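target18.cif follows (mmCIF, C-alpha atoms):
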data_query
loop_
_atom_site.label_atom_id
_atom_site.label_comp_id
_atom_site.auth_asym_id
_atom_site.auth_seq_id
_atom_site.Cartn_x
_atom_site.Cartn_y
_atom_site.Cartn_z
CA MET A 1 63.42 -65.83 67.42
CA SER A 2 61.08 -68.27 65.74
CA GLU A 3 63.47 -69.15 62.94
CA THR A 4 66.40 -70.13 65.14
CA GLY A 5 67.44 -73.74 64.65
CA THR A 6 66.84 -75.95 67.66
CA GLN A 7 69.27 -78.67 66.67
CA ALA A 8 72.14 -79.37 64.32
CA ASP A 9 71.04 -80.58 60.93
CA ALA A 10 72.66 -82.07 57.85
CA GLY A 11 74.81 -79.00 57.39
CA THR A 12 76.41 -79.22 60.83
CA ALA A 13 75.67 -82.69 62.18
CA GLY A 14 78.43 -85.08 63.13
CA ASP A 15 81.59 -83.03 62.83
CA PRO A 16 81.34 -79.49 64.25
CA ILE A 17 84.55 -78.39 62.51
CA ARG A 18 84.94 -80.03 59.11
CA GLY A 19 82.54 -78.94 56.44
CA ARG A 20 81.38 -80.74 53.33
CA ALA A 21 82.27 -79.63 49.81
CA LEU A 22 79.20 -79.20 47.62
CA GLY A 23 78.80 -79.01 43.86
CA THR A 24 82.17 -78.92 42.14
CA ALA A 25 83.87 -76.91 44.89
CA PRO A 26 87.14 -78.58 45.93
CA VAL A 27 86.54 -77.72 49.60
CA PRO A 28 83.71 -76.23 51.67
CA LEU A 29 83.02 -72.56 50.92
CA SER A 30 82.17 -70.11 53.70
CA VAL A 31 81.52 -66.41 54.25
CA LEU A 32 83.53 -63.82 56.18
CA ASP A 33 81.33 -60.77 56.70
CA LEU A 34 82.94 -57.44 57.66
CA VAL A 35 79.52 -55.72 57.75
CA THR A 36 80.85 -52.90 55.61
CA VAL A 37 79.18 -49.48 55.57
CA GLY A 38 79.32 -47.67 52.24
CA SER A 39 79.34 -43.96 51.65
CA GLY A 40 75.73 -42.73 51.59
CA SER A 41 74.49 -45.76 53.51
CA THR A 42 74.03 -46.52 57.22
CA ALA A 43 74.99 -49.11 59.80
CA SER A 44 71.34 -50.22 59.88
CA ARG A 45 71.49 -50.98 56.15
CA ALA A 46 74.79 -52.80 56.55
CA LEU A 47 73.38 -55.00 59.29
CA ALA A 48 70.26 -55.70 57.24
CA THR A 49 72.54 -56.77 54.39
CA SER A 50 74.27 -59.20 56.77
CA VAL A 51 70.93 -60.85 57.44
CA GLU A 52 70.29 -61.08 53.68
CA LEU A 53 73.76 -62.52 53.21
CA SER A 54 73.35 -65.15 55.93
CA ARG A 55 70.09 -66.32 54.40
CA LEU A 56 71.58 -66.38 50.90
CA ALA A 57 74.63 -68.28 52.15
CA GLU A 58 72.42 -70.80 53.92
CA ARG A 59 70.22 -71.28 50.85
CA ARG A 60 73.21 -71.70 48.52
CA GLY A 61 75.19 -74.22 50.53
CA TYR A 62 77.93 -72.09 52.10
CA HIS A 63 79.11 -73.87 55.24
CA ARG A 64 79.52 -71.05 57.76
CA HIS A 65 79.08 -67.29 58.16
CA TRP A 66 81.54 -65.49 60.40
CA VAL A 67 81.69 -61.84 61.48
CA ALA A 68 84.83 -60.06 62.64
CA GLU A 69 85.46 -57.70 65.55
CA HIS A 70 86.63 -54.23 64.55
CA HIS A 71 86.56 -50.97 66.49
CA SER A 72 86.63 -47.26 65.65
CA MET A 73 86.41 -47.93 61.92
CA PRO A 74 83.62 -45.97 60.19
CA GLY A 75 83.56 -48.38 57.26
CA VAL A 76 82.50 -51.41 59.30
CA ALA A 77 79.66 -52.09 61.74
CA SER A 78 80.96 -55.24 63.42
CA SER A 79 82.23 -54.03 66.79
CA SER A 80 79.97 -56.50 68.64
CA PRO A 81 80.15 -59.95 67.00
CA ALA A 82 78.06 -61.72 69.64
CA VAL A 83 75.18 -59.28 69.21
CA ILE A 84 75.26 -59.63 65.42
CA LEU A 85 75.46 -63.42 65.62
CA ALA A 86 72.41 -63.58 67.88
CA HIS A 87 70.49 -61.57 65.28
CA LEU A 88 71.69 -63.82 62.45
CA ALA A 89 70.74 -66.89 64.44
CA ALA A 90 67.17 -65.59 64.61
CA HIS A 91 66.99 -65.48 60.81
CA THR A 92 68.67 -68.78 59.89
CA ARG A 93 68.25 -72.45 60.68
CA ARG A 94 71.16 -74.47 59.30
CA ILE A 95 74.30 -72.47 58.55
CA ARG A 96 77.08 -72.35 61.13
CA LEU A 97 77.61 -68.91 62.65
CA GLY A 98 80.74 -67.65 64.35
CA SER A 99 83.34 -65.04 65.07
CA GLY A 100 86.21 -64.46 62.73
CA GLY A 101 87.06 -63.43 65.26
CA VAL A 102 86.58 -62.14 68.78
CA MET A 103 89.77 -60.40 69.88
CA LEU A 104 90.49 -62.19 73.13
CA PRO A 105 92.79 -59.58 74.73
CA ASN A 106 89.99 -57.00 74.51
CA HIS A 107 87.67 -58.95 76.82
CA ALA A 108 87.57 -60.83 80.09
CA PRO A 109 87.47 -64.58 79.26
CA LEU A 110 84.40 -65.04 81.48
CA VAL A 111 82.46 -62.48 79.43
CA ILE A 112 83.27 -64.27 76.17
CA ALA A 113 82.30 -67.62 77.70
CA GLU A 114 78.96 -66.16 78.78
CA GLN A 115 78.27 -64.54 75.40
CA PHE A 116 79.06 -67.64 73.39
CA GLY A 117 77.32 -69.90 75.88
CA THR A 118 74.25 -67.78 75.25
CA LEU A 119 74.70 -68.09 71.50
CA GLU A 120 75.08 -71.86 71.82
CA ALA A 121 71.81 -71.95 73.76
CA LEU A 122 70.09 -69.91 71.06
CA ALA A 123 71.48 -71.92 68.14
CA PRO A 124 72.59 -75.30 69.51
CA GLY A 125 75.28 -77.09 67.57
CA ARG A 126 76.02 -74.38 65.01
CA VAL A 127 78.16 -71.74 66.76
CA ASP A 128 81.92 -71.29 66.26
CA LEU A 129 84.19 -69.25 68.54
CA GLY A 130 87.11 -67.89 66.54
CA LEU A 131 89.69 -66.04 68.62
CA GLY A 132 92.30 -63.52 67.60
CA ARG A 133 95.28 -62.02 69.40
CA ALA A 134 95.35 -58.58 67.74
CA PRO A 135 93.19 -55.71 69.04
CA GLY A 136 91.18 -55.29 65.85
CA THR A 137 91.91 -51.57 65.93
CA ASP A 138 94.61 -49.00 66.66
CA GLY A 139 96.54 -48.83 69.94
CA ALA A 140 94.64 -45.88 71.40
CA THR A 141 91.27 -47.56 70.82
CA ALA A 142 92.59 -50.82 72.23
CA ALA A 143 93.67 -48.96 75.36
CA ALA A 144 90.20 -47.44 75.67
CA LEU A 145 88.61 -50.89 75.30
CA ARG A 146 90.84 -52.46 77.91
CA ARG A 147 90.99 -49.46 80.27
CA THR A 148 94.75 -49.69 80.37
CA ASP A 149 97.73 -48.31 78.47
CA THR A 150 99.44 -51.71 78.67
CA LEU A 151 98.38 -53.85 75.73
CA ASN A 152 98.97 -57.47 76.65
CA GLU A 153 99.51 -59.26 73.35
CA GLY A 154 102.70 -61.12 74.16
CA ALA A 155 103.45 -64.79 73.92
CA ASP A 156 102.73 -65.33 77.62
CA ASP A 157 99.40 -63.53 77.90
CA PHE A 158 97.37 -64.99 75.05
CA PRO A 159 97.88 -68.69 75.89
CA GLU A 160 97.01 -67.94 79.52
CA GLN A 161 93.85 -66.08 78.49
CA LEU A 162 92.93 -68.91 76.11
CA SER A 163 93.37 -71.51 78.83
CA GLU A 164 91.17 -69.53 81.20
CA LEU A 165 88.46 -69.12 78.57
CA THR A 166 88.54 -72.82 77.72
CA ARG A 167 88.11 -73.76 81.37
CA PHE A 168 85.13 -71.42 81.68
CA LEU A 169 83.60 -72.96 78.56
CA ASP A 170 84.15 -76.48 79.91
CA ASP A 171 83.35 -75.56 83.53
CA ASP A 172 86.39 -77.53 84.71
CA PHE A 173 88.66 -75.37 86.84
CA PRO A 174 90.49 -77.67 89.27
CA ALA A 175 89.61 -77.74 92.94
CA GLY A 176 91.37 -74.99 94.82
CA HIS A 177 91.55 -72.65 91.82
CA PRO A 178 90.24 -69.14 92.60
CA TYR A 179 87.63 -69.58 89.86
CA ALA A 180 86.61 -73.13 90.71
CA ARG A 181 83.21 -72.01 92.04
CA ILE A 182 82.51 -69.59 89.17
CA HIS A 183 80.29 -70.86 86.37
CA ALA A 184 79.86 -69.32 82.94
CA VAL A 185 76.12 -69.40 82.26
CA PRO A 186 74.58 -70.47 80.03
CA GLY A 187 77.02 -73.35 80.19
CA PRO A 188 77.67 -76.96 81.18
CA VAL A 189 76.65 -76.41 84.81
CA GLN A 190 73.06 -76.07 83.60
CA GLY A 191 72.78 -79.14 81.45
CA PRO A 192 74.40 -81.38 78.87
CA LYS A 193 78.01 -80.62 78.17
CA GLY A 194 78.54 -79.03 74.81
CA ARG A 195 80.08 -75.78 73.70
CA PRO A 196 81.16 -73.94 70.59
CA PRO A 197 84.38 -75.27 69.05
CA VAL A 198 87.31 -72.88 69.51
CA TRP A 199 89.33 -71.76 66.49
CA LEU A 200 92.52 -69.76 66.55
CA LEU A 201 92.90 -66.98 63.99
CA GLY A 202 96.13 -65.45 62.79
CA SER A 203 98.03 -63.46 60.19
CA SER A 204 101.50 -64.65 61.21
CA GLY A 205 103.14 -67.65 62.82
CA PHE A 206 102.27 -67.22 66.51
CA SER A 207 98.67 -68.47 66.43
CA ALA A 208 99.55 -71.03 63.75
CA ARG A 209 102.05 -72.72 66.07
CA LEU A 210 99.78 -72.45 69.11
CA ALA A 211 96.80 -73.91 67.23
CA GLY A 212 98.99 -76.79 66.09
CA LEU A 213 100.35 -77.51 69.56
CA LEU A 214 96.85 -77.47 71.04
CA GLY A 215 95.30 -79.53 68.24
CA LEU A 216 92.80 -76.79 67.33
CA PRO A 217 91.45 -75.72 63.94
CA PHE A 218 93.23 -72.71 62.44
CA ALA A 219 91.99 -69.82 60.30
CA PHE A 220 94.53 -67.70 58.46
CA ALA A 221 93.86 -64.17 57.20
CA HIS A 222 95.17 -64.58 53.66
CA HIS A 223 93.02 -61.63 52.56
CA PHE A 224 95.34 -59.16 54.27
CA SER A 225 98.52 -61.12 54.93
CA ALA A 226 99.01 -63.13 51.74
CA ARG A 227 102.80 -63.33 51.92
CA ASN A 228 102.57 -65.19 55.23
CA THR A 229 99.92 -67.70 54.22
CA ILE A 230 101.99 -70.68 53.17
CA PRO A 231 104.66 -70.28 55.91
CA ALA A 232 101.92 -70.07 58.56
CA LEU A 233 100.02 -73.07 57.23
CA ASP A 234 103.25 -75.07 57.03
CA LEU A 235 104.04 -74.13 60.63
CA TYR A 236 100.55 -75.12 61.75
CA ARG A 237 100.78 -78.52 60.10
CA GLN A 238 104.32 -79.17 61.34
CA SER A 239 103.37 -78.20 64.91
CA PHE A 240 100.10 -80.12 64.97
CA ARG A 241 99.48 -82.58 67.78
CA PRO A 242 96.29 -84.67 67.72
CA SER A 243 93.78 -83.71 70.39
CA ALA A 244 90.29 -84.55 71.55
CA VAL A 245 89.14 -81.89 69.09
CA LEU A 246 91.02 -82.93 65.94
CA ASP A 247 93.02 -85.97 64.89
CA GLU A 248 94.64 -84.09 62.00
CA PRO A 249 95.08 -80.43 61.02
CA TYR A 250 92.17 -78.44 59.66
CA ALA A 251 92.92 -75.00 58.23
CA LEU A 252 90.74 -72.51 56.46
CA ILE A 253 91.92 -69.31 54.84
CA GLY A 254 90.08 -66.04 54.47
CA VAL A 255 90.30 -64.82 50.88
CA GLY A 256 89.11 -61.63 49.26
CA ALA A 257 87.01 -62.50 46.21
CA LEU A 258 84.36 -60.75 44.20
CA ALA A 259 82.56 -61.92 41.08
CA ALA A 260 80.48 -59.76 38.75
CA ASP A 261 78.79 -60.30 35.42
CA ASP A 262 81.76 -58.78 33.63
CA GLU A 263 85.40 -58.15 34.45
CA LYS A 264 85.18 -54.35 34.31
CA GLU A 265 82.38 -54.22 36.87
CA ALA A 266 84.25 -56.55 39.20
CA TYR A 267 87.30 -54.28 39.06
CA ARG A 268 85.16 -51.20 39.76
CA GLN A 269 83.80 -52.89 42.87
CA VAL A 270 87.07 -54.18 44.32
CA LEU A 271 88.81 -50.86 43.71
CA THR A 272 86.55 -49.37 46.38
CA GLY A 273 88.01 -51.83 48.90
CA ALA A 274 91.56 -50.98 47.86
CA LEU A 275 90.96 -47.24 48.31
CA SER A 276 89.29 -47.87 51.66
CA MET A 277 92.25 -49.92 52.86
CA LEU A 278 94.69 -47.27 51.61
CA ARG A 279 92.88 -44.64 53.65
CA LEU A 280 92.83 -46.89 56.70
CA ARG A 281 96.55 -47.67 56.47
CA THR A 282 97.39 -43.95 56.11
CA GLY A 283 95.33 -42.86 59.12
CA ARG A 284 92.27 -41.67 57.19
CA PRO A 285 89.61 -44.32 57.85
CA GLY A 286 86.13 -43.63 56.53
CA LEU A 287 83.06 -45.13 54.93
CA ILE A 288 83.64 -47.41 51.94
CA PRO A 289 83.86 -45.13 48.88
CA THR A 290 81.57 -45.50 45.88
CA PRO A 291 82.90 -47.04 42.67
CA GLU A 292 82.65 -43.61 41.05
CA GLU A 293 84.77 -42.05 43.79
CA ALA A 294 87.37 -44.80 43.54
CA GLU A 295 87.53 -44.51 39.74
CA THR A 296 88.16 -40.76 39.85
CA TYR A 297 90.55 -40.75 42.83
CA ALA A 298 93.95 -39.31 41.94
CA PHE A 299 96.30 -42.02 43.21
CA SER A 300 99.88 -40.92 43.74
CA PRO A 301 102.52 -43.33 42.43
CA ALA A 302 103.04 -44.74 45.93
CA GLU A 303 99.30 -45.05 46.50
CA ARG A 304 98.83 -46.75 43.14
CA GLU A 305 101.54 -49.24 44.05
CA PHE A 306 99.76 -49.99 47.33
CA ALA A 307 96.38 -50.38 45.60
CA ASP A 308 97.78 -52.63 42.90
CA GLY A 309 99.53 -54.77 45.52
CA TRP A 310 96.31 -55.05 47.48
CA LEU A 311 94.25 -55.99 44.44
CA ALA A 312 96.78 -58.63 43.41
CA ASN A 313 95.56 -60.69 46.37
CA VAL A 314 91.85 -60.21 45.65
CA VAL A 315 90.36 -62.80 43.30
CA HIS A 316 88.02 -60.83 41.04
CA GLY A 317 86.44 -60.95 37.63
CA THR A 318 83.78 -63.04 35.93
CA PRO A 319 82.38 -66.05 37.81
CA ASP A 320 84.55 -68.44 35.81
CA ALA A 321 87.66 -66.36 36.49
CA VAL A 322 86.91 -66.25 40.21
CA ARG A 323 86.33 -69.99 40.31
CA SER A 324 89.67 -70.58 38.59
CA GLY A 325 91.43 -68.19 40.96
CA LEU A 326 89.96 -69.83 44.03
CA ASP A 327 90.83 -73.29 42.72
CA GLU A 328 94.41 -72.22 42.12
CA LEU A 329 94.70 -70.69 45.59
CA ARG A 330 93.30 -73.79 47.23
CA LYS A 331 95.72 -76.01 45.30
CA ARG A 332 98.68 -73.78 46.18
CA THR A 333 97.89 -73.57 49.90
CA GLY A 334 96.23 -76.93 50.55
CA ALA A 335 93.55 -75.13 52.57
CA ASP A 336 90.76 -77.35 53.88
CA GLU A 337 88.16 -74.59 53.51
CA LEU A 338 87.89 -71.23 51.73
CA MET A 339 86.17 -68.39 53.60
CA ILE A 340 85.29 -65.68 51.11
CA THR A 341 85.08 -62.01 52.01
CA ALA A 342 83.62 -59.73 49.34
CA ASN A 343 84.46 -56.13 50.09
CA ALA A 344 82.57 -53.60 47.99
CA HIS A 345 80.66 -50.37 48.48
CA GLY A 346 77.13 -51.69 48.15
CA GLY A 347 75.38 -54.70 49.56
CA GLU A 348 73.87 -55.55 46.18
CA ALA A 349 77.30 -56.17 44.64
CA ARG A 350 78.35 -58.37 47.57
CA LEU A 351 75.18 -60.44 47.52
CA ARG A 352 75.40 -60.83 43.75
CA SER A 353 79.00 -62.00 44.05
CA TYR A 354 78.19 -64.81 46.48
CA GLU A 355 75.32 -65.92 44.26
CA LEU A 356 77.52 -65.95 41.16
CA ILE A 357 80.27 -67.92 42.93
CA ALA A 358 77.72 -70.46 44.12
CA ASP A 359 76.46 -70.82 40.55
CA ALA A 360 80.01 -71.15 39.18
CA TYR A 361 80.59 -74.13 41.47
CA GLY A 362 77.15 -75.61 40.91
CA LEU A 363 76.24 -75.36 44.58
CA PRO A 364 72.72 -76.66 45.17
CA VAL A 365 69.81 -74.48 46.17
CA LEU A 366 68.90 -75.79 49.62
CA ASP A 367 65.72 -75.51 51.64
CA PRO A 368 66.84 -74.27 55.08
CA ALA A 369 63.48 -75.17 56.60
CA ARG A 370 64.06 -78.86 55.92
CA GLY A 371 67.24 -79.03 57.99
#
Represent the structure from my file as structure tokens, please.
Amino acid sequence: MSETGTQADAGTAGDPIRGRALGTAPVPLSVLDLVTVGSGSTASRALATSVELSRLAERRGYHRHWVAEHHSMPGVASSSPAVILAHLAAHTRRIRLGSGGVMLPNHAPLVIAEQFGTLEALAPGRVDLGLGRAPGTDGATAAALRRTDTLNEGADDFPEQLSELTRFLDDDFPAGHPYARIHAVPGPVQGPKGRPPVWLLGSSGFSARLAGLLGLPFAFAHHFSARNTIPALDLYRQSFRPSAVLDEPYALIGVGALAADDEKEAYRQVLTGALSMLRLRTGRPGLIPTPEEAETYAFSPAEREFADGWLANVVHGTPDAVRSGLDELRKRTGADELMITANAHGGEARLRSYELIADAYGLPVLDPARG
């Protein structure tokens, strides 16, 4: 763990939520990593690519690197965000690391508080705790995770779970509460108060409104719910109440984007993600197909319509085209940060894309060791 940062540096100091735009980027740029596993590859290779990506992102001025919780999906290897984040923390020094997100209903709040308290102890001042309300999988898998056939995702359950988690993180249950003598460790009971900032994630209006009412930062999944992006962001901003965390709204959006040296190659790469999503949505999840497999797949008219609709919300092409597409999306949504997810079959294409986007915006090459 020798490379783990021991304190916040210029990339995270001061404000634990708001990032800083670098180069000509209109807002901070970040990374959403789904730890994808391509056909012919392995989970070990996918996780090694995540380490390469975190180091590249840190070196090229991306603000944060988040991983998402998914279950029973052969094409991803991110079922345990806290474990992955601990590994990434050991190989980076500056970049913020977090969950995009942990699916709160799948876990006891105390367990999440302990996991992210541990991460905060390993990488002080650079851990984010993003929380989602969906299961991150199908209903049967969610039931297996929770050991119950009753999936509590209603309006009453999530706020209650969030409140309990927050109190564990802050170690401030009131006297007389059944959990008043329970401490999440590592945590405030052991030393200076300080914990990962909590973000709410969403793909509809529920979490947008709740994040606004609680004065929390909000992350919207534009990459798979594009039609709801602007309504959700509007709802978040309209609902926002200043808090001890934020005095004004702060919203990032996840956006699918992939740059390549030429437009044709970019399309070949993103088509693999479209075919993978088609298979997932039709009950046939699998490893991410190769570009060759995607190119030769016989799409039915309905499948082609789905794929084209999916690709319409993925910014892809040459670096200049991707920069223009991201700029337009930011202007249209007013997002305070863009979190880019590059879904493709191979790690090389993903890494190349993030490098090309950094170059397109003139992001500086940083020395992580200097902090």
Quick one: apply the PyMOL selection byres ((chain A and resi 65) around 10) to the file and drop the selected residues here as a ChimeraX atom specification.
/A:29-33,50,53-55,57-58,62-64,66-67,85,88,95-100,127-128,339-340
From the set A:Ala226, A:Leu110, A:Ala134, A:Glu248, which residue has the shortest atom-to-atom contact distance to Leu169 of chain A, counting only C-alpha atoms?
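So, comparing all the options, the nearest one is A:Leu110.
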Quick check on the file I pasted: which residues fall under the PyMOL selection byres ((chain A and resi 38) around 6)? Write them as a VMD selection string.
chain A and resid 37 39 41 287 to 288 345
For atom CA of Ala21 of chain A and atom CA of Leu329 of chain A, quote the distance in Å rounded to one decimal.
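We find that atom CA of Ala21 of chain A and atom CA of Leu329 of chain A lie 15.9 Å from each other.
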Kindly resolve the PyMOL selection byres ((chain A and resi 184) around 12) on the present coordinates and return the residues as a VMD selection string.
chain A and resid 108 to 118 164 to 173 179 to 183 185 to 190 195
List every protein, DNA or RNA residue that has at least one atom no more than 12 Å from (79.1, -81.6, 49.3) in the file's coordinates, counting only C-alpha atoms, and write the result as a PyMOL selection string.
chain A and resi 10-11+18-29+60-63+361-364+366
Have a look at atom CA of Ser78 of chain A and atom CA of Pro159 of chain A and let me know their distance in Å, one decimal.
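So the two atoms, atom CA of Ser78 of chain A and atom CA of Pro159 of chain A, lie 25.0 Å apart.
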